[in-house]
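Following: one structure in structure tokens, then a few remarks.
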Amino acid sequence: MSQARRTHRVALIAGVLAASCAEQPHGLLSGAPAPPPDIEQACALATAKCARCHPIERVMVSRGIGDARWGMYVEQMRLKPSSGISPSDAGIIFRCLQFVEQACVGCKQGRT
Amino acid sequence: MTHDRRVAGVARQVLVRRGARLVLACFAALAALGPVRRGRADTERNFAGSIQLDYLAVPTESIARKIALDSATAEVSLKVTQDFGDQMSASVKLCLGCHGVEAAMAFFDLRVADELSFRVGRFTPQFGLFPIRNDPANHRTSDKPLPYDMGRMLRLGDWNLGVLPSPWVDNGVEVSGAHFFSPEIQLDYAAYAVGGPRGASDATDFDFKQSRSEDDYYVDNNSRPSVGARVALNVLQGQTTVTAGLSAMGGTYDPENHLDYEIAGADLMVQISRVFLRAEYLVRRTQMSLGDDPAQRFKYGPGKDGKYDPYFLKHGFYAEVEVPIGDRFDAIARWDGLRRQGNVVRTSDLRSDSALLRYTIGGSVRVHGATRIKLSGELYDFTDFQDEIAIHLAVAGAL
């Protein structure tokens, strides 16, 4: 492989990595109406924390379970090993999930 | 009423009273653990599950079944968690894999504080980074990194799987906790005693089938638990996290407690937003039974001291990078491997120092809801066999 081609490839990989690192995670707010800034920040934190262990869509498919069950989920996840979720983070993540829950007009509330 | 009936009635009343006292004592003990926080219902139940159907093709082999569990395999999991207030919960998870239906979880969690929790029942003890993501809906490739392989690797019989197949499910008790020294620093620990791996009296390695065989019962095979521990430090800064951990596990695995093993592991994960870099190294030292006539049993002779070395070392590692490209697609590149050092039985195709390196590139695209299509290609570089190519195509989703 020529030096120039190798340089191009390394630059391309570095560019993709840099773009992915800089990208604001917005998975939880996909399709939601324009959120207030504090919710946007809360959901960025929630997306980063949740993605440590599972794809963010695992959260999206659970919408409709109601606040009490979201509270239980957040607590379960906070207590997972190396969750990186502090008690104060848990409150912020819960606020995001409450917003996501309310924004889901098609979700049947309280389903199990 | 006859005398016998009267005696039976009195005995029943005594039993009921004793049972009631025991239940009250349990409630009193739980109540003494601390006040239940307000704002949540005391009893909640959550359900979760996942499905993966994977097709493994090995284009470099005409009949790959001789060296792999190829073609289509399904993995299904169904999990229910019940909260009993803030301090106690119970979880049950059923899994369907190549080996049939198994209970992957059946335990109680009792939490005194964030720094002190007890887990009792059937569970996966804390070892390394990967096992917490072992559910196929939680990781981006169809199969697992080689140190944790549980049957999807090529030449699984020759290598006897990875170093510690995941999920390692066992009966026992675990004490764990986490403490935030500051909003940026979290320290986790865990210590456990479980039944441990199993093997025959004249074993030269673990026999993983014994861990999930009705014939051998789901109980410890040698009346001695294996013990282990893990400690991990997490440094958190905004959407960037660095996690570094150390794990260890050891005990005996044969029915007479003559053959010992020790496993050690180190792991590192760096998360920058949704980009992940993960690396783990595991090593297992396993004692082999030399038998009455080692010269007939083993491929290699004794060492310079005239004695046979009864131990072999099995190393495993992986390093991977996971990069999201847009909102639907995740790309993953992984380099992993195994190395075995030590004597082998005469019938083995491995040598006294054998290695395997694997190079994987893959992607996972979200098609609908939590359903993803995973595609990955793997190049196997064996020191003792011809190189192979494997291709995985899977549909995986969460419920």
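Ligands are numbered from 1 in the order shown, chains are lettered A, B, ... in the order of the structure tokens, and residues start at 1 in each chain.
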
Chain A residues within 6 Å of chain B, counting only C-alpha atoms: which ones, as a PyMOL selection string? chain A and resi 21+48+53-54+57-58+68

Create the file for the chosen residues now, containing C-alpha atoms and written as a PDB file, in the first residue's frame.
```
ATOM      1  CA  CYS A  21     -17.127  11.333  19.400  1.00  0.00           C
ATOM      2  CA  ALA A  48     -24.526   8.171  27.220  1.00  0.00           C
ATOM      3  CA  CYS A  53     -24.456  -1.597  28.525  1.00  0.00           C
ATOM      4  CA  HIS A  54     -27.176  -1.773  25.858  1.00  0.00           C
ATOM      5  CA  GLU A  57     -33.587   1.478  21.598  1.00  0.00           C
ATOM      6  CA  ARG A  58     -34.060  -0.958  24.499  1.00  0.00           C
ATOM      7  CA  ALA A  68     -43.265   3.957  38.752  1.00  0.00           C
TER       8      ALA A  68
END
```

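Every protein, DNA or RNA residue with an atom at most 10 Å from Arg212 in chain B, where only C-alpha atoms count and chain neighbours fewer than 4 positions away do not, is listed here: B:His99, B:Gly100, B:Glu102, B:Ala103, B:Val169, B:Asp170, B:Asp207, B:Phe208, B:Asp216, B:Tyr217, B:Tyr218, B:Val219.
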
Quick one: pick out all alpha helix (DSSP H) residues within range 129-174 of chain B from a backbone DSSP run and write them as number ranges by chain. B: 156-159

Which residues are close to Arg285 in chain B, i.e. within 9 Å by only C-alpha atoms, leaving aside same-chain residues fewer than 3 positions away? Reply as a JSON list (two decimals) with C-alpha atoms, in the first residue's frame.
```
[["chain", "number", "residue", "atom", "x", "y", "z"],
["B", 260, "ASP", "CA", -7.13, -26.57, 41.21],
["B", 261, "TYR", "CA", -7.55, -23.62, 38.88],
["B", 262, "GLU", "CA", -7.08, -19.88, 39.10],
["B", 263, "ILE", "CA", -8.37, -17.22, 36.70],
["B", 264, "ALA", "CA", -7.23, -13.60, 36.65],
["B", 311, "TYR", "CA", -0.48, -27.26, 34.79],
["B", 312, "PHE", "CA", -1.39, -25.48, 31.58],
["B", 313, "LEU", "CA", -2.02, -21.78, 30.98],
["B", 314, "LYS", "CA", -4.83, -20.44, 28.81],
["B", 315, "HIS", "CA", -4.62, -16.79, 27.84]]
```

Identify, on the basis of only C-alpha atoms, every residue whose closest approach to Thr47 in chain A does not exceed 9 Å; exclude the query and any residue fewer than 5 positions from it along the same chain; express the result as an MDAnalysis selection string. (chainID A and resid 25:28 42 52 56 93) or (chainID B and resid 273:274)

re CA of Ser213 in chain B and CA of Val227 in chain B: distance 21.9 Å

Considering only C-alpha atoms, return as a ChimeraX atom specification whatever protein or nucleic-acid residues lie within 8 Å of range 148-159 of chain B, sequence-local ones (same chain, fewer than 5 positions apart) excluded. /B:67-70,130,143,164-167,348-350

Would you mind exporting the chosen residues as a PDB file, in the first residue's frame, restricted to C-alpha atoms?
```pdb
ATOM      1  CA  ILE B  67     -15.371 -27.772  13.552  1.00  0.00           C
ATOM      2  CA  ALA B  68     -18.211 -25.468  14.627  1.00  0.00           C
ATOM      3  CA  LEU B  69     -21.841 -25.136  15.613  1.00  0.00           C
ATOM      4  CA  ASP B  70     -22.623 -23.492  12.289  1.00  0.00           C
ATOM      5  CA  PHE B 130     -18.142  -8.351  29.000  1.00  0.00           C
ATOM      6  CA  ASP B 143     -20.854 -13.935  18.937  1.00  0.00           C
ATOM      7  CA  LEU B 164     -14.337 -18.314  31.081  1.00  0.00           C
ATOM      8  CA  PRO B 165     -17.408 -18.963  28.905  1.00  0.00           C
ATOM      9  CA  SER B 166     -20.090 -16.303  29.289  1.00  0.00           C
ATOM     10  CA  PRO B 167     -22.636 -16.193  30.747  1.00  0.00           C
ATOM     11  CA  SER B 348      -5.322 -33.439  20.943  1.00  0.00           C
ATOM     12  CA  ASP B 349      -4.406 -31.628  17.733  1.00  0.00           C
ATOM     13  CA  LEU B 350      -2.987 -28.739  19.731  1.00  0.00           C
TER      14      LEU B 350
END
```

For Cys104 in chain A, work out the shell of residues within 8 Å, counting only C-alpha atoms and skipping chain neighbours fewer than 3 positions away, then give it as a ChimeraX atom specification. /A:32,63-64,100-101,107

Go ahead and save the picked residues with N, CA and C atoms, as a compact mmCIF listing (two decimals), in the first residue's frame.
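File produced: selection.txt:
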```
# COMPACT_ATOMS: atom_id res chain seq x y z
N ALA A 32 -39.23 13.18 19.23
CA ALA A 32 -39.94 13.92 20.29
C ALA A 32 -40.05 15.40 19.89
N ARG A 63 -41.34 2.27 26.35
CA ARG A 63 -42.22 3.41 26.65
C ARG A 63 -43.66 2.94 26.85
N GLY A 64 -44.31 3.60 27.81
CA GLY A 64 -45.68 3.21 28.11
C GLY A 64 -45.81 2.45 29.42
N VAL A 100 -39.75 11.61 27.91
CA VAL A 100 -39.88 10.67 26.78
C VAL A 100 -41.21 9.92 26.86
N GLU A 101 -41.57 9.55 28.07
CA GLU A 101 -42.82 8.82 28.29
C GLU A 101 -44.03 9.68 27.90
N CYS A 107 -48.24 5.68 22.96
CA CYS A 107 -48.00 4.62 23.93
C CYS A 107 -49.21 4.44 24.83
```
